[in-house]
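protein_31.txt follows; it contains compact mmCIF, C-alpha atoms and all ligand atoms.
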```
# COMPACT_ATOMS: atom_id res chain seq x y z
CA MET A 367 16.07 2.45 2.95
CA GLN A 368 19.02 3.32 0.73
CA ASN A 369 22.11 5.25 1.82
CA PHE A 370 22.08 8.94 0.89
CA THR A 371 23.92 12.22 1.27
CA TYR A 372 21.66 15.23 1.30
CA HIS A 373 22.97 18.77 1.14
CA THR A 374 21.27 21.76 -0.47
CA PRO A 375 23.32 24.93 0.01
CA THR A 376 20.74 27.23 -1.59
CA LYS A 377 19.09 29.84 0.58
CA LEU A 378 15.35 30.10 -0.18
CA ILE A 379 14.05 33.60 0.47
CA PHE A 380 10.30 33.38 0.28
CA GLY A 381 7.40 35.82 0.49
CA LYS A 382 5.96 39.10 -0.65
CA ASP A 383 8.50 41.84 -1.41
CA VAL A 384 11.49 39.72 -0.40
CA ILE A 385 13.49 41.02 -3.36
CA GLU A 386 14.21 44.10 -1.28
CA LYS A 387 16.98 41.90 0.14
CA LEU A 388 18.56 41.54 -3.31
CA PRO A 389 21.37 44.11 -2.87
CA GLU A 390 22.57 42.66 0.42
CA THR A 391 22.45 39.15 -1.04
CA LEU A 392 24.46 40.06 -4.14
CA LYS A 393 26.99 42.35 -2.46
CA PRO A 394 29.27 39.62 -1.02
CA LEU A 395 29.32 37.89 -4.43
CA GLY A 396 30.73 40.74 -6.47
CA HIS A 397 30.14 44.08 -8.14
CA LYS A 398 29.88 43.09 -11.80
CA ILE A 399 26.58 41.34 -12.38
CA LEU A 400 25.15 39.63 -15.47
CA LEU A 401 21.37 40.05 -15.40
CA THR A 402 19.71 37.31 -17.46
CA TYR A 403 16.07 37.15 -18.52
CA GLY A 404 13.71 35.83 -21.16
CA GLY A 405 11.48 37.25 -23.83
CA GLY A 406 10.05 40.21 -21.98
CA SER A 407 7.52 39.03 -19.39
CA ILE A 408 9.51 40.75 -16.64
CA LYS A 409 9.31 44.03 -18.53
CA LYS A 410 5.54 43.75 -18.86
CA ASN A 411 4.89 43.07 -15.18
CA GLY A 412 7.27 45.72 -13.83
CA LEU A 413 9.77 43.35 -12.23
CA TYR A 414 12.57 44.43 -14.58
CA ASP A 415 12.33 48.08 -13.49
CA ARG A 416 12.28 47.11 -9.82
CA VAL A 417 15.33 44.88 -10.25
CA ARG A 418 17.29 47.52 -12.18
CA ASP A 419 16.54 49.99 -9.41
CA LEU A 420 17.71 47.57 -6.72
CA LEU A 421 20.90 47.01 -8.74
CA ARG A 422 21.71 50.71 -9.02
CA ASP A 423 24.97 50.37 -7.06
CA PHE A 424 26.23 47.45 -9.16
CA GLU A 425 27.81 47.36 -12.61
CA VAL A 426 25.18 45.48 -14.61
CA TYR A 427 25.39 43.76 -17.99
CA GLU A 428 22.41 42.04 -19.59
CA LEU A 429 21.62 38.90 -21.54
CA SER A 430 17.98 38.92 -22.67
CA GLY A 431 15.85 36.80 -24.99
CA ILE A 432 16.55 33.44 -23.37
CA ALA A 433 13.92 31.20 -24.95
CA PRO A 434 11.90 28.36 -23.42
CA ASN A 435 13.91 25.15 -23.79
CA PRO A 436 17.02 27.37 -23.64
CA LYS A 437 19.41 27.04 -26.52
CA TYR A 438 23.13 26.49 -26.34
CA ASN A 439 23.53 28.66 -29.38
CA PRO A 440 23.09 31.59 -29.06
CA SER A 441 22.06 32.02 -25.39
CA VAL A 442 24.66 29.99 -23.47
CA LEU A 443 27.47 31.01 -25.81
CA ASP A 444 26.51 34.70 -25.71
CA GLY A 445 26.32 34.64 -21.92
CA VAL A 446 29.71 32.98 -21.56
CA ARG A 447 31.24 35.52 -23.94
CA ILE A 448 29.84 38.48 -21.97
CA CYS A 449 31.06 37.00 -18.68
CA LYS A 450 34.57 36.52 -20.02
CA GLU A 451 34.80 39.88 -21.78
CA GLN A 452 33.44 41.89 -18.87
CA GLY A 453 34.88 39.93 -15.94
CA ILE A 454 31.42 39.17 -14.53
CA GLU A 455 31.47 38.12 -10.87
CA ALA A 456 27.93 36.84 -10.33
CA ILE A 457 24.79 36.07 -12.34
CA LEU A 458 21.28 37.21 -11.46
CA ALA A 459 18.67 35.14 -13.32
CA VAL A 460 15.16 36.59 -13.41
CA GLY A 461 12.51 34.39 -14.98
CA GLY A 462 11.37 30.80 -15.27
CA GLY A 463 13.34 27.59 -15.35
CA SER A 464 14.69 28.26 -18.84
CA VAL A 465 16.38 31.50 -17.80
CA LEU A 466 17.84 29.91 -14.69
CA ASP A 467 18.98 26.74 -16.48
CA CYS A 468 20.70 28.78 -19.17
CA SER A 469 22.35 30.88 -16.46
CA LYS A 470 23.69 27.77 -14.75
CA ALA A 471 25.38 26.63 -17.97
CA ILE A 472 26.77 30.14 -18.42
CA ALA A 473 28.06 30.16 -14.83
CA ALA A 474 30.09 27.02 -15.46
CA GLY A 475 31.15 27.97 -18.99
CA ALA A 476 32.39 31.37 -17.84
CA LEU A 477 35.16 29.81 -15.77
CA TYR A 478 36.16 27.18 -18.31
CA ASP A 479 38.68 27.78 -21.09
CA GLY A 480 37.27 25.35 -23.62
CA GLU A 481 33.97 24.87 -25.42
CA PRO A 482 31.12 25.03 -22.82
CA TRP A 483 29.47 21.98 -24.43
CA ASP A 484 32.35 19.91 -23.00
CA LEU A 485 30.85 20.58 -19.55
CA ILE A 486 27.19 20.18 -20.47
CA SER A 487 27.90 16.87 -22.20
CA TYR A 488 29.98 15.71 -19.19
CA ARG A 489 33.10 15.27 -21.32
CA VAL A 490 34.89 17.55 -18.83
CA LYS A 491 34.01 18.19 -15.18
CA ALA A 492 33.79 21.88 -14.25
CA ARG A 493 36.25 23.01 -11.58
CA ALA A 494 34.37 26.18 -10.68
CA ALA A 495 31.29 28.21 -11.57
CA LEU A 496 30.19 31.78 -11.03
CA PRO A 497 27.74 32.27 -8.16
CA ILE A 498 24.08 32.45 -9.21
CA VAL A 499 21.16 34.22 -7.57
CA ASP A 500 17.68 33.97 -9.04
CA ILE A 501 14.27 35.53 -8.84
CA MET A 502 11.76 32.90 -9.95
CA THR A 503 8.75 34.10 -11.91
CA LEU A 504 7.24 30.73 -12.82
CA SER A 505 6.61 27.77 -10.54
CA ALA A 506 7.54 24.54 -12.24
CA THR A 507 11.01 23.12 -12.61
CA GLY A 508 12.52 23.36 -9.14
CA SER A 509 15.70 24.68 -10.76
CA GLU A 510 15.71 27.28 -7.98
CA TYR A 511 16.56 24.57 -5.45
CA ASP A 512 18.53 22.05 -7.47
CA PRO A 513 21.94 21.80 -9.14
CA GLY A 514 20.69 21.12 -12.67
CA GLY A 515 19.94 22.83 -15.93
CA VAL A 516 18.56 21.51 -19.19
CA ILE A 517 20.09 22.83 -22.40
CA SER A 518 19.01 22.22 -26.00
CA ARG A 519 21.26 21.99 -29.00
CA THR A 520 19.05 22.52 -32.00
CA GLU A 521 21.25 21.07 -34.72
CA THR A 522 21.43 17.64 -33.06
CA ASN A 523 17.97 17.66 -31.38
CA ASP A 524 19.76 17.11 -28.08
CA LYS A 525 18.20 18.30 -24.86
CA ILE A 526 20.56 17.47 -22.06
CA GLY A 527 20.15 17.64 -18.31
CA TYR A 528 23.39 19.07 -16.92
CA MET A 529 23.91 18.58 -13.19
CA ASP A 530 26.79 19.63 -10.97
CA ASP A 531 26.81 20.59 -7.30
CA LEU A 532 28.60 23.79 -8.33
CA LEU A 533 25.35 24.93 -9.93
CA TYR A 534 23.15 25.22 -6.86
CA PRO A 535 21.99 28.84 -6.72
CA VAL A 536 23.44 30.77 -3.78
CA ALA A 537 19.98 32.19 -3.12
CA SER A 538 16.56 31.94 -4.73
CA PHE A 539 13.98 34.67 -4.25
CA LEU A 540 10.46 33.27 -4.31
CA ASP A 541 7.80 35.96 -4.31
CA PRO A 542 4.47 34.41 -5.35
CA THR A 543 3.15 37.76 -6.58
CA TYR A 544 5.56 37.58 -9.54
CA THR A 545 3.77 34.46 -10.71
CA PHE A 546 0.35 36.17 -10.92
CA THR A 547 0.96 37.02 -14.59
CA VAL A 548 1.85 33.47 -15.66
CA SER A 549 -0.60 32.34 -18.36
CA LYS A 550 -3.11 29.54 -17.79
CA LYS A 551 -1.14 27.38 -20.23
CA GLN A 552 2.16 27.83 -18.35
CA THR A 553 0.48 27.57 -14.94
CA ALA A 554 -0.99 24.19 -15.90
CA ALA A 555 2.18 23.00 -17.60
CA GLY A 556 4.35 24.07 -14.66
CA THR A 557 2.16 22.17 -12.23
CA ALA A 558 2.20 19.10 -14.46
CA ASP A 559 5.99 19.28 -14.54
CA ALA A 560 6.22 19.37 -10.74
CA ILE A 561 3.66 16.57 -10.34
CA ASN A 562 5.72 14.44 -12.66
CA HIS A 563 8.90 15.28 -10.71
CA VAL A 564 7.23 13.80 -7.66
CA MET A 565 5.96 10.76 -9.55
CA GLU A 566 9.41 10.09 -11.00
CA GLN A 567 10.61 9.73 -7.41
CA TYR A 568 7.57 7.85 -6.13
CA PHE A 569 7.47 5.02 -8.67
CA CYS A 570 10.57 3.16 -7.54
CA ALA A 571 11.47 -0.20 -6.02
CA ASP A 572 12.40 0.99 -2.54
CA ALA A 573 10.37 3.81 -0.97
CA ASN A 574 9.46 4.53 2.65
CA LEU A 575 6.53 5.94 4.59
CA LEU A 576 8.08 9.36 5.04
CA SER A 577 8.90 9.82 1.35
CA ASP A 578 5.53 8.41 0.28
CA GLY A 579 3.72 10.76 2.64
CA MET A 580 5.64 13.82 1.46
CA CYS A 581 5.18 12.90 -2.20
CA GLU A 582 1.46 12.26 -1.85
CA ALA A 583 1.02 15.56 0.02
CA ALA A 584 3.00 17.41 -2.65
CA VAL A 585 0.85 16.05 -5.48
CA LYS A 586 -2.36 16.75 -3.59
CA SER A 587 -1.25 20.30 -2.84
CA LEU A 588 -0.36 20.94 -6.48
CA MET A 589 -3.63 19.47 -7.78
CA HIS A 590 -5.71 21.45 -5.29
CA ASN A 591 -3.94 24.78 -5.64
CA VAL A 592 -3.57 24.82 -9.41
CA ARG A 593 -7.34 24.77 -9.80
CA ILE A 594 -7.58 27.84 -7.58
CA ALA A 595 -4.75 29.62 -9.42
CA LEU A 596 -6.34 28.91 -12.81
CA GLU A 597 -9.64 30.28 -11.57
CA ASN A 598 -8.08 33.29 -9.87
CA PRO A 599 -4.50 33.97 -11.05
CA ASN A 600 -3.96 36.54 -8.26
CA ASP A 601 -4.74 34.15 -5.39
CA TYR A 602 -1.66 34.66 -3.27
CA ASP A 603 -2.05 31.61 -1.09
CA ALA A 604 -2.57 29.19 -3.98
CA ARG A 605 0.35 30.66 -5.94
CA ALA A 606 2.46 30.52 -2.76
CA GLN A 607 1.73 26.88 -2.05
CA ILE A 608 2.44 25.95 -5.65
CA MET A 609 5.70 27.89 -5.58
CA VAL A 610 7.07 26.23 -2.46
CA THR A 611 5.95 22.76 -3.53
CA CYS A 612 7.60 23.15 -6.94
CA ALA A 613 10.83 24.25 -5.27
CA LEU A 614 10.92 21.13 -3.12
CA ALA A 615 9.73 18.73 -5.81
CA CYS A 616 12.96 18.33 -7.74
CA ASN A 617 15.84 18.44 -5.27
CA GLY A 618 15.56 15.00 -3.72
CA ILE A 619 14.22 15.99 -0.31
CA LEU A 620 10.89 14.29 -1.06
CA SER A 621 12.54 10.95 -1.70
CA LEU A 622 15.31 10.63 0.85
CA GLY A 623 16.31 6.98 1.11
CA ASN A 624 14.41 5.91 -2.00
CA SER A 625 16.00 3.90 -4.78
CA GLY A 626 16.19 5.66 -8.14
CA SER A 627 13.61 5.40 -10.89
CA GLY A 628 15.66 6.53 -13.89
CA TRP A 629 13.22 9.43 -14.47
CA PRO A 630 11.70 7.73 -17.54
CA CYS A 631 9.03 10.33 -18.41
CA HIS A 632 11.70 13.03 -18.43
CA GLY A 633 13.95 10.90 -20.59
CA ILE A 634 11.15 10.59 -23.13
CA GLU A 635 9.91 14.17 -22.88
CA HIS A 636 13.33 15.71 -23.37
CA ALA A 637 13.39 14.19 -26.84
CA LEU A 638 9.92 15.59 -27.61
CA SER A 639 11.08 19.11 -26.73
CA GLY A 640 14.49 18.50 -28.30
CA TYR A 641 12.89 17.61 -31.64
CA TYR A 642 9.77 19.78 -31.58
CA ASP A 643 10.45 22.55 -29.02
CA ILE A 644 7.18 21.86 -27.16
CA THR A 645 6.39 23.01 -23.60
CA HIS A 646 8.08 20.59 -21.19
CA GLY A 647 5.16 20.22 -18.75
CA GLU A 648 2.67 19.53 -21.54
CA GLY A 649 4.90 16.81 -22.99
CA LEU A 650 5.16 15.23 -19.55
CA ALA A 651 1.41 15.31 -18.96
CA ILE A 652 0.85 13.55 -22.28
CA ILE A 653 3.48 10.88 -21.64
CA THR A 654 2.78 10.17 -17.95
CA PRO A 655 -0.52 8.22 -18.14
CA ARG A 656 0.66 6.27 -21.22
CA TRP A 657 3.87 5.37 -19.41
CA MET A 658 1.85 4.32 -16.35
CA LYS A 659 -0.32 2.06 -18.49
CA HIS A 660 2.75 0.57 -20.15
CA ILE A 661 4.62 -0.32 -16.95
CA LEU A 662 1.69 -1.65 -14.93
CA ASN A 663 2.39 -5.28 -13.99
CA ASP A 664 2.44 -7.52 -10.92
CA ARG A 665 5.75 -6.04 -9.76
CA THR A 666 4.78 -2.35 -10.11
CA LEU A 667 1.16 -2.81 -9.00
CA PRO A 668 1.69 -1.96 -5.30
CA ARG A 669 3.04 1.50 -6.18
CA PHE A 670 -0.04 2.26 -8.28
CA VAL A 671 -2.30 1.15 -5.45
CA LYS A 672 -0.44 3.28 -2.89
CA PHE A 673 -0.50 6.32 -5.18
CA GLY A 674 -4.16 5.92 -6.10
CA VAL A 675 -5.34 5.50 -2.52
CA GLY A 676 -3.01 8.19 -1.12
CA VAL A 677 -3.52 10.86 -3.79
CA PHE A 678 -6.96 10.26 -5.28
CA GLY A 679 -8.61 8.61 -2.28
CA ILE A 680 -9.60 5.52 -4.31
CA ASP A 681 -11.34 2.84 -2.23
CA GLU A 682 -8.57 0.56 -0.97
CA THR A 683 -10.90 -2.43 -0.68
CA LEU A 684 -11.29 -2.65 -4.47
CA PRO A 685 -9.24 -5.25 -6.37
CA ALA A 686 -5.66 -3.99 -6.82
CA TYR A 687 -5.73 -3.88 -10.62
CA GLU A 688 -8.98 -1.96 -10.54
CA ILE A 689 -7.37 0.61 -8.23
CA ALA A 690 -4.41 0.85 -10.61
CA GLU A 691 -6.63 1.40 -13.65
CA LYS A 692 -8.61 4.05 -11.79
CA THR A 693 -5.32 5.72 -10.77
CA ILE A 694 -4.14 5.95 -14.37
CA ASP A 695 -7.50 7.27 -15.47
CA ALA A 696 -7.60 9.85 -12.65
CA THR A 697 -4.11 11.05 -13.56
CA TYR A 698 -5.13 11.51 -17.20
CA ARG A 699 -8.41 13.21 -16.28
CA PHE A 700 -6.67 15.59 -13.90
CA PHE A 701 -4.24 16.85 -16.55
CA GLU A 702 -7.09 17.11 -19.04
CA SER A 703 -9.20 19.03 -16.52
CA ILE A 704 -6.60 21.78 -16.15
CA GLY A 705 -6.62 22.39 -19.88
CA ILE A 706 -3.56 20.48 -21.02
CA PRO A 707 -3.70 19.06 -24.57
CA MET A 708 -3.44 15.32 -23.97
CA HIS A 709 -2.33 14.11 -27.41
CA LEU A 710 0.97 14.64 -29.22
CA ARG A 711 -0.87 15.67 -32.36
CA GLU A 712 -2.41 18.58 -30.44
CA VAL A 713 1.08 19.96 -29.73
CA GLY A 714 2.24 19.54 -33.32
CA ILE A 715 3.85 16.09 -33.19
CA ASP A 716 2.74 13.46 -35.72
CA ASP A 717 4.07 9.96 -36.32
CA ALA A 718 6.78 11.04 -38.79
CA ARG A 719 9.72 10.93 -36.37
CA LEU A 720 8.50 8.65 -33.57
CA SER A 721 10.89 5.82 -34.46
CA GLU A 722 13.80 8.22 -34.73
CA MET A 723 12.96 9.72 -31.34
CA ALA A 724 12.54 6.29 -29.75
CA HIS A 725 16.00 5.36 -31.00
CA HIS A 726 17.46 8.67 -29.77
CA ILE A 727 15.91 8.17 -26.30
CA ALA A 728 16.94 4.51 -26.04
CA THR A 729 20.50 5.38 -27.03
CA LEU A 730 20.97 8.44 -24.82
CA GLU A 731 18.72 8.17 -21.77
CA GLY A 732 19.64 4.76 -20.35
CA LEU A 733 16.02 3.81 -19.63
CA ASP A 734 16.82 0.10 -19.93
CA THR A 735 18.04 0.31 -16.32
CA ALA A 736 15.04 2.30 -15.02
CA TYR A 737 12.82 1.01 -12.22
CA ALA A 738 10.52 -0.29 -14.94
CA PRO A 739 13.06 -0.86 -17.74
CA LEU A 740 12.15 0.44 -21.19
CA THR A 741 13.58 -0.89 -24.44
CA GLU A 742 13.47 1.08 -27.69
CA ALA A 743 10.32 -0.88 -28.62
CA ASP A 744 8.72 0.02 -25.28
CA ILE A 745 9.51 3.71 -25.82
CA LEU A 746 8.07 3.63 -29.32
CA SER A 747 4.94 1.98 -28.02
CA ILE A 748 4.50 4.72 -25.36
CA LEU A 749 5.01 7.41 -28.01
CA GLU A 750 2.49 5.76 -30.35
CA ALA A 751 -0.06 5.49 -27.56
CA SER A 752 0.43 9.22 -26.91
CA LEU A 753 -0.37 10.32 -30.46
O1 LIG B 801 10.59 34.47 -21.67
P1 LIG B 801 9.58 35.22 -20.90
O2 LIG B 801 9.09 36.44 -21.58
O3 LIG B 801 9.99 35.48 -19.48
O4 LIG B 801 8.25 34.29 -20.84
C1 LIG B 801 8.22 33.02 -20.24
C2 LIG B 801 8.16 31.89 -21.25
O5 LIG B 801 7.57 32.29 -22.44
C3 LIG B 801 6.91 32.88 -19.52
N1 LIG B 801 6.94 33.42 -18.15
C4 LIG B 801 7.82 33.15 -17.15
N2 LIG B 801 7.47 33.82 -16.05
C5 LIG B 801 6.38 34.55 -16.36
C6 LIG B 801 6.04 34.30 -17.70
N3 LIG B 801 4.99 34.91 -18.31
C7 LIG B 801 4.26 35.76 -17.59
N4 LIG B 801 4.51 36.04 -16.29
C8 LIG B 801 5.55 35.47 -15.64
N5 LIG B 801 5.77 35.73 -14.34
O6 LIG B 801 6.67 31.49 -19.47
C9 LIG B 801 7.23 30.88 -20.62
C10 LIG B 801 7.92 29.60 -20.22
O7 LIG B 801 9.05 29.88 -19.42
P2 LIG B 801 10.11 28.73 -19.08
O8 LIG B 801 11.17 29.33 -18.24
O9 LIG B 801 10.52 28.05 -20.35
O10 LIG B 801 9.24 27.67 -18.26
P3 LIG B 801 9.66 26.65 -17.13
O11 LIG B 801 9.95 27.33 -15.87
O12 LIG B 801 8.61 25.62 -17.13
O13 LIG B 801 11.05 26.02 -17.64
C11 LIG B 801 11.07 25.00 -18.60
C12 LIG B 801 12.48 24.53 -18.85
O14 LIG B 801 13.08 23.96 -17.67
C13 LIG B 801 13.55 22.64 -17.96
C14 LIG B 801 12.61 22.19 -19.04
O15 LIG B 801 13.09 21.07 -19.74
C15 LIG B 801 12.51 23.43 -19.89
O16 LIG B 801 13.63 23.55 -20.73
N6 LIG B 801 13.61 21.84 -16.73
C16 LIG B 801 14.55 22.15 -15.80
C17 LIG B 801 14.72 21.42 -14.66
C18 LIG B 801 15.76 21.75 -13.66
N7 LIG B 801 16.60 22.71 -13.88
O17 LIG B 801 15.84 21.12 -12.63
C19 LIG B 801 13.93 20.23 -14.38
C20 LIG B 801 12.72 20.11 -15.24
O18 LIG B 801 12.36 18.74 -15.29
C21 LIG B 801 12.83 20.62 -16.62
O19 LIG B 801 13.40 19.65 -17.49
ZN ZN B 802 10.48 18.42 -15.43
```

Have the structure of the file written as structure tokens, please.
Amino acid sequence: MQNFTYHTPTKLIFGKDVIEKLPETLKPLGHKILLTYGGGSIKKNGLYDRVRDLLRDFEVYELSGIAPNPKYNPSVLDGVRICKEQGIEAILAVGGGSVLDCSKAIAAGALYDGEPWDLISYRVKARAALPIVDIMTLSATGSEYDPGGVISRTETNDKIGYMDDLLYPVASFLDPTYTFTVSKKQTAAGTADAINHVMEQYFCADANLLSDGMCEAAVKSLMHNVRIALENPNDYDARAQIMVTCALACNGILSLGNSGSGWPCHGIEHALSGYYDITHGEGLAIITPRWMKHILNDRTLPRFVKFGVGVFGIDETLPAYEIAEKTIDATYRFFESIGIPMHLREVGIDDARLSEMAHHIATLEGLDTAYAPLTEADILSILEASL
């Protein structure tokens, strides 16, 4: 078991109608609030009106229109400008991971004198950030319980994961009923994202029984409950279990003591969304089984066997390579069964820029030091197999 320091300062406030506690949660943080949200889903499902009512005693400014794969320009820059001009004291993010990620970058940029990209690109370390509270409306990223945000810069096709302990939300409100309106496409993609978060932690050189057990349970819970939620979007218990599992899937608690993996599927997927603006979870679902196939060898075999037996219940008396092949196939079939397009061409990506993306990933993502190291040629081969 590896050494670790674990500390998550975020308060999770879970359950039906918990946002009634919003005023008392925000009050100690300040009076001037920047309310951030996306393209309008919170207006359609009534959450916006409820939030505005709960904020009636605060001075509220708004940043709307934050897009999926949130953009540095205009969203982060606009948010930073509003915070500086109005003296914003805290940010309330209402939406999915994109709204929250963008808000995290704004929170750091608001208290920095220079260009916010200096912070996102790690050229400069932030000294402070505005406090963030969020109301999650989509279960997927785990941004509600982690210190990271992912920001895209369109002109350079960069999609960068920006992490800093200053960016943990102060509190995250998780009311499963606000996820009832999430589309089938985003429900499936969000689950695929969280499953991959777990797998990125599971496929490593040094794991332990506790982390393996938690990871296997998390994947099983997600696979079981997403089917129910797709069938009946208003199933509270399924949405609730997905929501809590997603929150825990990305903050390290499932892999305490594990060695790192390098998060290879994320390294590859971030380029797909950076170049083509596709849905993150769909990109991951497409890449994951091809990556599994590519890295299967005598050294990685035991992890495939453990995963296949623990998650899919594959007969452990079968030859190890047969279990591994069945595990890869079951992973593919699962994503396919929840309606995810399983080929890059189906999400609008052809072979035109595969080499360019492979070079971009190999240069920026450091996957040559991953648990199963990937060279530029390896990355290209995974991308080609995903077409
Ligand atoms: O913009 P609105 O109108 O709100 O619509 C959104 C958006 O179109 C919609 N939506 C959200 N909640 C809804 C809803 N529609 C109906 N009812 C609701 N209750 O869903 C669409 C997608 O939203 P988005 O926030 O983009 O999805 P998600 O939460 O999957 O976030 C994806 C982003 O997070 C990053 C991804 O790379 C991507 O940019 N990630 C962030 C991570 C983190 N911070 O730790 C880790 C992840 O690995 C991931 O990279
Ligand atoms: Zn992800």

Using all atoms listed in the file, determine which residues lie at most 10 Å from Ala560 in chain A, disregarding the query and same-chain residues fewer than 2 positions distant; provide the list as a PDB file with C-alpha atoms, in the frame of the given file.
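To be explicit, this is the file written out as part37.pdb:
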```pdb
ATOM      1  CA  SER A 505       6.610  27.770 -10.540  1.00  0.00           C
ATOM      2  CA  ALA A 506       7.540  24.540 -12.240  1.00  0.00           C
ATOM      3  CA  THR A 507      11.010  23.120 -12.610  1.00  0.00           C
ATOM      4  CA  GLY A 508      12.520  23.360  -9.140  1.00  0.00           C
ATOM      5  CA  ALA A 555       2.180  23.000 -17.600  1.00  0.00           C
ATOM      6  CA  GLY A 556       4.350  24.070 -14.660  1.00  0.00           C
ATOM      7  CA  THR A 557       2.160  22.170 -12.230  1.00  0.00           C
ATOM      8  CA  ALA A 558       2.200  19.100 -14.460  1.00  0.00           C
ATOM      9  CA  ASN A 562       5.720  14.440 -12.660  1.00  0.00           C
ATOM     10  CA  HIS A 563       8.900  15.280 -10.710  1.00  0.00           C
ATOM     11  CA  VAL A 564       7.230  13.800  -7.660  1.00  0.00           C
ATOM     12  CA  MET A 565       5.960  10.760  -9.550  1.00  0.00           C
ATOM     13  CA  GLU A 566       9.410  10.090 -11.000  1.00  0.00           C
ATOM     14  CA  ALA A 584       3.000  17.410  -2.650  1.00  0.00           C
ATOM     15  CA  VAL A 585       0.850  16.050  -5.480  1.00  0.00           C
ATOM     16  CA  LEU A 588      -0.360  20.940  -6.480  1.00  0.00           C
ATOM     17  CA  ILE A 608       2.440  25.950  -5.650  1.00  0.00           C
ATOM     18  CA  MET A 609       5.700  27.890  -5.580  1.00  0.00           C
ATOM     19  CA  THR A 611       5.950  22.760  -3.530  1.00  0.00           C
ATOM     20  CA  CYS A 612       7.600  23.150  -6.940  1.00  0.00           C
ATOM     21  CA  ALA A 613      10.830  24.250  -5.270  1.00  0.00           C
ATOM     22  CA  LEU A 614      10.920  21.130  -3.120  1.00  0.00           C
ATOM     23  CA  ALA A 615       9.730  18.730  -5.810  1.00  0.00           C
ATOM     24  CA  CYS A 616      12.960  18.330  -7.740  1.00  0.00           C
ATOM     25  CA  GLY A 647       5.160  20.220 -18.750  1.00  0.00           C
ATOM     26  CA  LEU A 650       5.160  15.230 -19.550  1.00  0.00           C
TER      27      LEU A 650
END
```

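Taking CA of Ala718 in chain A and atom C15 of ligand LIG 801 (chain B) as endpoints, the distance between them is 23.3 Å.
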
Show me the residues close to (8.0, 12.4, -22.7) - anything with an atom within 6 Å, counting all atoms listed in the file - and format the list as a PDB file with C-alpha atoms, in the frame of the given file.
```
ATOM      1  CA  CYS A 631       9.030  10.330 -18.410  1.00  0.00           C
ATOM      2  CA  HIS A 632      11.700  13.030 -18.430  1.00  0.00           C
ATOM      3  CA  ILE A 634      11.150  10.590 -23.130  1.00  0.00           C
ATOM      4  CA  GLU A 635       9.910  14.170 -22.880  1.00  0.00           C
ATOM      5  CA  GLY A 649       4.900  16.810 -22.990  1.00  0.00           C
ATOM      6  CA  LEU A 650       5.160  15.230 -19.550  1.00  0.00           C
ATOM      7  CA  ILE A 653       3.480  10.880 -21.640  1.00  0.00           C
TER       8      ILE A 653
END
```

Judged by only C-alpha atoms and all ligand atoms, the minimum distance to ligand LIG 801 (chain B) among A:Thr391, A:Ser464, A:Gln452, A:Thr402 is found for A:Ser464

Rank A:Thr683, A:Thr543, A:Thr520, A:Gln368 by their smallest atom-to-atom distance to ligand LIG 801 (chain B), using all atoms listed in the file, and report the top residue only.
->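 Once distances to ligand LIG 801 (chain B) are computed over all atoms listed in the file, the minimum belongs to A:Thr543.
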
Name the residues, using the chain letters and numbers of the file, that sit within 12 Å of (18.3, 3.2, -27.6) when counting all atoms listed in the file, and give them as a ChimeraX atom specification.
-> /A:633-634,721-735,739-746

Find the residues of range 436-460 of chain A that sit at most 12 Å from range 534-538 of chain A; for each, write down the nearest two atoms and how far apart they are in Å, to one decimal. Count all atoms listed in the file. Sort by chain, then by number going up, and give it as JSON lines.
```
{"residue": "A:Ala456", "atom": "CA", "partner": "A:Val536", "partner_atom": "CA", "distance": 10.0}
{"residue": "A:Ile457", "atom": "CA", "partner": "A:Pro535", "partner_atom": "CA", "distance": 9.6}
{"residue": "A:Leu458", "atom": "CA", "partner": "A:Pro535", "partner_atom": "CA", "distance": 9.6}
{"residue": "A:Ala459", "atom": "CA", "partner": "A:Ser538", "partner_atom": "CA", "distance": 9.4}
{"residue": "A:Val460", "atom": "CA", "partner": "A:Ser538", "partner_atom": "CA", "distance": 9.9}
```

Long-range neighbours of Ile644 in chain A as a VMD selection string, 12 Å cut-off, only C-alpha atoms, 5 positions minimum in chain | chain A and resid 433 to 436 518 525 552 555 635 to 639 649 to 652 707 710 to 715

Between A:Ile385, A:Ile561, A:Val417, A:Ala571, smallest distance to ligand LIG 801 (chain B) by only C-alpha atoms and all ligand atoms belongs to A:Ile561

Residues at most 12 Å from Ile454 in chain A, counting only C-alpha atoms, excluding those fewer than 2 positions away in the same chain, as a VMD selection string?
-> chain A and resid 395 to 401 424 to 428 445 to 452 456 to 458 472 to 473 476 to 477 495 to 498

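Interatomic distance, CA of Trp483 in chain A against CA of Asp524 in chain A: 11.5 Å.
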
How far is it from CA of Asp530 in chain A to CA of Gly514 in chain A, in Å with one decimal?
->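 Taking CA of Asp530 in chain A and CA of Gly514 in chain A, their separation equals 6.5 Å.
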
For ligand LIG 801 (chain B), which of A:Ile517, A:Leu575, A:Leu443, A:Leu388 is the closest residue, counting only C-alpha atoms and all ligand atoms?
->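 Looking at the shortest contact to ligand LIG 801 (chain B), the residue is A:Ile517.
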
Nearest to ligand LIG 801 (chain B): which of A:Leu378, A:Leu504, A:Ile748, A:Ala554 is it, counting only C-alpha atoms and all ligand atoms?
->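 Selected residue with least distance to ligand LIG 801 (chain B): A:Leu504.
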
Taking into account only C-alpha atoms, which residue in the set A:Tyr544, A:Phe701, A:Phe678, A:Tyr737 is nearest to Gln567 in chain A?
-> A:Tyr737

Spatial neighbours of range 408-414 of chain A, 8 Å, all atoms listed in the file, chain gap at least 2 places, as a ChimeraX atom specification = /A:403-404,406,416-418,460-461,544,547
